[in-house]
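A.B. asks: Okay, here's the structure, questions in a sec.
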Amino acid sequence: MMEQGMKLLPDIPRFYTALAEWAACMVFICVLKRQMTGWKLAVISGTMLLIQSGFLVFTADIGLGMWLPCMVIAVLSMIVFLGICLKGSWCDAVYCGLFSFVIAEFAASLEWQLYLFFFRGNITKVVSYLVMLTAYGVIYIIIWWLLKRQRTPDGMLYMKAGELSAVLLIAISVFAMSNLGFLQISTPFSSQYKDAVSIIRTMIDFAGVAMMYAFHVLRNENRARLELDMMQDVLKNQYLQYQHSKESIDLINYKYHDLKHQIAVLRAEQDQERRNAFLNQMEEEIHQYEAQNKTGNQVVDTILTGKNVICEQFGISMNCVADGMLLDFMDTMDICSILGNALDNAIECEKQIPDPEKRLIHVAIFGQKNFVILRFENYFDGQLEIKEGIPVTTKTKKKEFHGFGIRSIKYAVDKYDGAVSISQNENWFELKILIPMKK
């Protein structure tokens with residue numbers, strides 16, 4: 001700080017500032033998904049506290065020309081610390097780092113203002129530390145509670161580079177305005193009264209925290225609304241597919257009955273042996289179709305038959321053993337979402353396999369004890385990587401839309417207190433769903 005600012009008001013001890021910045025980072029580490037736990041996290045956190053404290057204390061008497069670059073370095077160290085400890089992209093780390101910096105500015109300013117008002121010059125160094133720790137404890141517990149309420153189910157942020165511009169603008173504006181009174185007394189935004197400088201700084205920092213938190217809440221709400229809308233679109237799409245398949249299958253059934261009558265007419269005529277053999281084969285295929293996908297549930301029958309037609313187009317062999325009546329208690333749209341998305345994902349995977357003989361899908365729906373079990377298996381040539389419960393896509397385009405099929409399945413299964421598991425067994429991808437039976 002400039003000497004003028006130091007004469008007006010004792011500056012916040014640099015160690016207090018370093019501890020505030022470190023504690024703000026730890027709040028985000030405690031709330032969000034971490035890359036490490038246990039002793040590794042403890043070692044890195046302790047090392048970061050030493051580095052941050054040492055750096056700020058060492059640069060305490062640095063001139064104004066180097067003060068701003070040192071603050072930038074301090075913020076960058078916070079971002080690196082969060083990037084190492086948290087799961088997610090570096091955009092997430094930058095966002096958390098800027099948010100942590102604004103929180104730390106507020107915590108340090110408020111604590112120091114309270115200290116100057118109540119205890120300045122009347123207590124020992126030990127009591128000063130106790131006051132600081134108590135104030136920080138209360139402030140950061142409240143911040144932790146607020147952020148915990150906004151935590152996503154998977155503990156991830158998924159920040160985009162474009163969203164950081166607003167966060168960066170808030171952080172820079174808050175930092176500049178809150179420190180302006182210490183840098184130059186003669187500005188229109190400075191106060192001639194030493195107590196007012198501390199109050200103004202605390203109020204500006206508090207406003208910065210409020211703006212950052214409001215941005216955080218609105219972003220989470222918008223993202224949740226977008227994901228819900230996309231899952232609803234996936235659900236509606238599967239239901240529309242079911243309706244189209246039902247209409248097509250009804251038409252095929254009409255043709256089937258007409259064909260049976262045609263065969264009967266042909267048999268009544270004088271036929272050659274070769275034609276008779278052809279008609280026998282034709283009739284056998286019709287009987288096979290008639291017996292196919294008759295699970296006892298019309299919705300399940302329609303979906304399986306419709307997906308089987310797609311499989312035949314791409315040379316995919318789909319085997320199914322299903323007791324569809326076990327799903328009679330479920331809503332039609334939920335059945336469409338679960339079966340439709342599961343089979344679409346399996347078909348999409350099998351279409352990428354070069355060898356037609358390996359394009360295999362197995363479907364099973366059966367009851368075991370008090371659960372309905374739906375198992376979808378398909379041949380998978382590769383190594384499955386699962387991130388946050390969703391297989392990682394190999395697509396290079398539209399990655400942001402990946403995973404909504406699985407999420408839609410989980411959304412539907414959660415309605416019935418069920419569970420979804422994804423695994424790989426050698427060269428087989430397995431999606432397993434357990435749903436408690438309804439009496």
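Lettering and numbering for the structure tokens are positional, with chains as A, B, ... in the shown order, residues counted from 1 in each chain, and ligands counted from 1 in the shown order.
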Near region 97-99 of chain A, counting only C-alpha atoms, which residues have an atom at most 8 Å away, once you skip same-chain residues fewer than 3 positions from it, shown as a list in words?
C.D. replies: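 Final neighbour list, sorted by chain and number: Cys25, Val75, Leu76, Met78, Ile79, Leu82, Ala93, Val94, Val102, Ile103, Val167, Leu168, Ala171, Val209 and Met212 of chain A.
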A.B. asks: Looking at only C-alpha atoms, which of A:Phe106, A:Phe175, A:Phe119, A:Phe28 is the one that sits closest to Trp144 (chain A)?
C.D. replies: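 Closest to Trp144 (chain A), using only C-alpha atoms: A:Phe28.
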A.B. asks: Select, from A:Leu114, A:Leu374, A:Ile303, A:Met330, the residue with the minimum atom-to-atom distance to Ile199 (chain A), counting only C-alpha atoms.
C.D. replies: A:Leu114
A.B. asks: Any idea what's packed within 7 Å of Ser100 (chain A), counting only C-alpha atoms, ignoring anything in its chain fewer than 4 positions away? Could you give it as a PyMOL selection string?
C.D. replies: chain A and resi 21+24-25+96+104
A.B. asks: Selected residues, all heavy atoms, written as a compact mmCIF listing (two decimals), in the first residue's frame, please.
C.D. replies:
```
# COMPACT_ATOMS: atom_id res chain seq x y z
N GLU A 21 -7.39 -15.99 2.23
CA GLU A 21 -7.40 -16.52 0.86
C GLU A 21 -7.33 -18.04 0.86
O GLU A 21 -8.04 -18.71 0.10
CB GLU A 21 -6.23 -15.93 0.08
CG GLU A 21 -6.37 -14.43 -0.15
CD GLU A 21 -5.13 -13.80 -0.76
OE1 GLU A 21 -4.09 -14.50 -0.85
OE2 GLU A 21 -5.18 -12.62 -1.14
N ALA A 24 -10.69 -19.50 2.04
CA ALA A 24 -11.73 -19.39 1.01
C ALA A 24 -11.58 -20.51 -0.01
O ALA A 24 -12.58 -21.10 -0.46
CB ALA A 24 -11.65 -18.03 0.34
N CYS A 25 -10.34 -20.81 -0.38
CA CYS A 25 -10.11 -21.93 -1.30
C CYS A 25 -10.56 -23.25 -0.67
O CYS A 25 -11.16 -24.10 -1.34
CB CYS A 25 -8.63 -22.01 -1.68
SG CYS A 25 -8.05 -20.64 -2.70
N CYS A 96 -13.63 -20.55 -9.39
CA CYS A 96 -13.53 -20.71 -7.93
C CYS A 96 -12.45 -19.81 -7.35
O CYS A 96 -12.59 -19.29 -6.23
CB CYS A 96 -13.24 -22.18 -7.59
SG CYS A 96 -14.59 -23.30 -7.99
N ALA A 104 -12.38 -13.79 0.28
CA ALA A 104 -11.25 -13.53 1.18
C ALA A 104 -11.10 -12.04 1.46
O ALA A 104 -10.81 -11.63 2.59
CB ALA A 104 -9.97 -14.09 0.59
```
A.B. asks: Using only C-alpha atoms for the distances, tell me which of A:Pro13, A:Gly137, A:Gly54, A:Gly155 is nearest to Ile29 (chain A).
C.D. replies: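 Once distances to Ile29 (chain A) are computed over only C-alpha atoms, the minimum belongs to A:Gly155.
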A.B. asks: List as number ranges by chain the protein and nucleic acid residues near Lys160 (chain A), meaning an atom at most 10 Å away when only C-alpha atoms are counted, but skip any in the same chain fewer than 4 places from it.
C.D. replies: A: 89-92, 95, 164-165
A.B. asks: For the residues in the current selection, export N, CA and C atoms as a PDB file, in the first residue's frame.
C.D. replies:
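Listed below is the output, result33.pdb:
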```pdb
ATOM      1  N   SER A  89     -12.571 -28.701 -15.176  1.00  0.00           N
ATOM      2  CA  SER A  89     -11.687 -27.981 -16.088  1.00  0.00           C
ATOM      3  C   SER A  89     -11.009 -26.819 -15.372  1.00  0.00           C
ATOM      4  N   TRP A  90     -10.058 -26.214 -16.077  1.00  0.00           N
ATOM      5  CA  TRP A  90      -9.396 -25.038 -15.529  1.00  0.00           C
ATOM      6  C   TRP A  90     -10.332 -23.838 -15.503  1.00  0.00           C
ATOM      7  N   CYS A  91     -11.359 -23.848 -16.328  1.00  0.00           N
ATOM      8  CA  CYS A  91     -12.375 -22.798 -16.220  1.00  0.00           C
ATOM      9  C   CYS A  91     -13.051 -22.854 -14.852  1.00  0.00           C
ATOM     10  N   ASP A  92     -13.299 -24.059 -14.358  1.00  0.00           N
ATOM     11  CA  ASP A  92     -13.855 -24.213 -13.014  1.00  0.00           C
ATOM     12  C   ASP A  92     -12.904 -23.656 -11.969  1.00  0.00           C
ATOM     13  N   TYR A  95     -12.865 -19.824 -12.035  1.00  0.00           N
ATOM     14  CA  TYR A  95     -14.093 -19.311 -11.424  1.00  0.00           C
ATOM     15  C   TYR A  95     -14.011 -19.386  -9.904  1.00  0.00           C
ATOM     16  N   LEU A 164     -16.869 -16.731 -17.780  1.00  0.00           N
ATOM     17  CA  LEU A 164     -15.870 -16.160 -16.880  1.00  0.00           C
ATOM     18  C   LEU A 164     -15.735 -14.655 -17.019  1.00  0.00           C
ATOM     19  N   SER A 165     -16.194 -14.100 -18.125  1.00  0.00           N
ATOM     20  CA  SER A 165     -16.046 -12.655 -18.333  1.00  0.00           C
ATOM     21  C   SER A 165     -16.807 -11.867 -17.274  1.00  0.00           C
TER      22      SER A 165
END
```
A.B. asks: Could you please determine the separation between CA of Pro69 (chain A) and CA of Phe81 (chain A) in Å, to one decimal place?
C.D. replies: 18.4 Å
A.B. asks: Point out the residue among A:Pro153, A:Gly46, A:Pro436, A:Gly38 with the least atom-to-atom distance to Ala224 (chain A), counting only C-alpha atoms.
C.D. replies: A:Pro153
A.B. asks: So that I can check the secondary structure, give me every residue of region 76-213 of chain A assigned helix (DSSP H, G or I) by backbone DSSP, as a ChimeraX atom specification.
C.D. replies: /A:76-85,90-118,125-149,161-183,194-213
A.B. asks: Could those selected residues go to a file with C-alpha atoms, as a short mmCIF file (atom, residue, chain, number, x, y, z; two decimals), in the first residue's frame?
C.D. replies:
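Just written: selection00.cif:
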```cif
data_model
loop_
_atom_site.label_atom_id
_atom_site.label_comp_id
_atom_site.auth_asym_id
_atom_site.auth_seq_id
_atom_site.Cartn_x
_atom_site.Cartn_y
_atom_site.Cartn_z
CA LEU A 76 -3.03 -17.12 -9.72
CA SER A 77 -1.61 -19.27 -6.91
CA MET A 78 -5.15 -19.71 -5.57
CA ILE A 79 -6.35 -20.78 -9.01
CA VAL A 80 -3.50 -23.31 -9.34
CA PHE A 81 -4.25 -24.66 -5.86
CA LEU A 82 -7.92 -25.17 -6.75
CA GLY A 83 -7.06 -26.61 -10.15
CA ILE A 84 -4.88 -29.26 -8.51
CA CYS A 85 -7.40 -30.22 -5.83
CA TRP A 90 -9.40 -25.04 -15.53
CA CYS A 91 -12.37 -22.80 -16.22
CA ASP A 92 -13.86 -24.21 -13.01
CA ALA A 93 -10.61 -23.47 -11.17
CA VAL A 94 -10.49 -19.88 -12.46
CA TYR A 95 -14.09 -19.31 -11.42
CA CYS A 96 -13.53 -20.71 -7.93
CA GLY A 97 -10.27 -18.78 -7.60
CA LEU A 98 -11.89 -15.44 -8.43
CA PHE A 99 -14.86 -16.20 -6.20
CA SER A 100 -12.50 -17.23 -3.37
CA PHE A 101 -10.50 -14.02 -3.77
CA VAL A 102 -13.61 -11.83 -3.41
CA ILE A 103 -14.72 -13.84 -0.36
CA ALA A 104 -11.25 -13.53 1.18
CA GLU A 105 -11.21 -9.77 0.64
CA PHE A 106 -14.53 -9.48 2.47
CA ALA A 107 -13.55 -11.81 5.32
CA ALA A 108 -10.22 -10.08 5.94
CA SER A 109 -11.76 -6.61 5.73
CA LEU A 110 -14.66 -7.39 8.06
CA GLU A 111 -12.43 -9.13 10.62
CA TRP A 112 -9.95 -6.26 10.65
CA GLN A 113 -12.70 -3.65 10.95
CA LEU A 114 -14.18 -5.46 13.96
CA TYR A 115 -10.76 -5.77 15.53
CA LEU A 116 -10.00 -2.05 15.13
CA PHE A 117 -13.37 -1.07 16.53
CA PHE A 118 -13.41 -3.30 19.60
CA LYS A 125 -0.96 -10.83 19.93
CA VAL A 126 -2.39 -14.18 21.05
CA VAL A 127 -5.81 -12.70 21.68
CA SER A 128 -5.59 -10.95 18.30
CA TYR A 129 -5.11 -14.33 16.62
CA LEU A 130 -8.05 -15.76 18.55
CA VAL A 131 -10.26 -12.91 17.41
CA MET A 132 -9.13 -13.46 13.84
CA LEU A 133 -9.74 -17.21 13.94
CA THR A 134 -13.17 -16.74 15.53
CA ALA A 135 -14.26 -14.17 12.97
CA TYR A 136 -12.98 -16.27 10.07
CA GLY A 137 -14.62 -19.36 11.50
CA VAL A 138 -18.06 -17.73 11.63
CA ILE A 139 -17.71 -16.10 8.19
CA TYR A 140 -16.50 -19.20 6.38
CA ILE A 141 -19.01 -21.52 8.01
CA ILE A 142 -21.78 -19.27 6.68
CA ILE A 143 -20.14 -19.16 3.23
CA TRP A 144 -19.74 -22.97 3.27
CA TRP A 145 -23.41 -23.42 4.19
CA LEU A 146 -24.57 -21.12 1.39
CA LEU A 147 -22.40 -22.83 -1.22
CA LYS A 148 -23.39 -26.28 0.04
CA ARG A 149 -27.03 -25.43 -0.64
CA ALA A 161 -14.96 -19.79 -20.94
CA GLY A 162 -17.63 -17.30 -21.97
CA GLU A 163 -19.14 -17.27 -18.48
CA LEU A 164 -15.87 -16.16 -16.88
CA SER A 165 -16.05 -12.65 -18.33
CA ALA A 166 -18.82 -11.61 -15.93
CA VAL A 167 -17.01 -13.17 -12.96
CA LEU A 168 -13.73 -11.49 -13.89
CA LEU A 169 -15.46 -8.12 -14.25
CA ILE A 170 -17.04 -8.44 -10.79
CA ALA A 171 -13.76 -9.46 -9.17
CA ILE A 172 -11.73 -6.66 -10.76
CA SER A 173 -14.38 -4.03 -9.99
CA VAL A 174 -14.73 -5.08 -6.36
CA PHE A 175 -10.97 -5.21 -5.81
CA ALA A 176 -10.37 -1.83 -7.46
CA MET A 177 -13.17 0.01 -5.66
CA SER A 178 -12.47 -1.51 -2.25
CA ASN A 179 -8.78 -0.59 -2.35
CA LEU A 180 -9.12 2.82 -3.99
CA GLY A 181 -9.22 4.67 -0.70
CA PHE A 182 -5.89 3.21 0.32
CA LEU A 183 -4.16 4.00 -2.95
CA LYS A 194 -9.91 6.96 8.37
CA ASP A 195 -12.80 4.95 9.86
CA ALA A 196 -14.90 5.45 6.75
CA VAL A 197 -12.20 3.89 4.57
CA SER A 198 -12.50 0.56 6.37
CA ILE A 199 -16.29 0.69 6.36
CA ILE A 200 -16.45 1.49 2.64
CA ARG A 201 -14.04 -1.33 1.83
CA THR A 202 -16.05 -3.85 3.85
CA MET A 203 -19.34 -2.76 2.28
CA ILE A 204 -17.94 -2.97 -1.26
CA ASP A 205 -16.44 -6.40 -0.57
CA PHE A 206 -19.75 -7.57 0.89
CA ALA A 207 -21.54 -6.33 -2.22
CA GLY A 208 -19.01 -8.23 -4.33
CA VAL A 209 -19.66 -11.47 -2.45
CA ALA A 210 -23.41 -10.92 -2.83
CA MET A 211 -23.07 -10.38 -6.59
CA MET A 212 -20.84 -13.44 -7.01
CA TYR A 213 -23.23 -15.60 -5.01
#
```
A.B. asks: Any idea what's packed within 6 Å of Ile373 (chain A), counting only C-alpha atoms, ignoring anything in its chain fewer than 3 positions away? Could you give it as a VMD selection string?
C.D. replies: chain A and resid 365 to 367 433 to 434
A.B. asks: Choose the residue, out of A:Ala412, A:Cys349, A:Ala364, A:Leu32, that has the smallest atom-to-atom separation from Cys336 (chain A); count only C-alpha atoms.
C.D. replies: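 Selected residue with least distance to Cys336 (chain A): A:Ala412.
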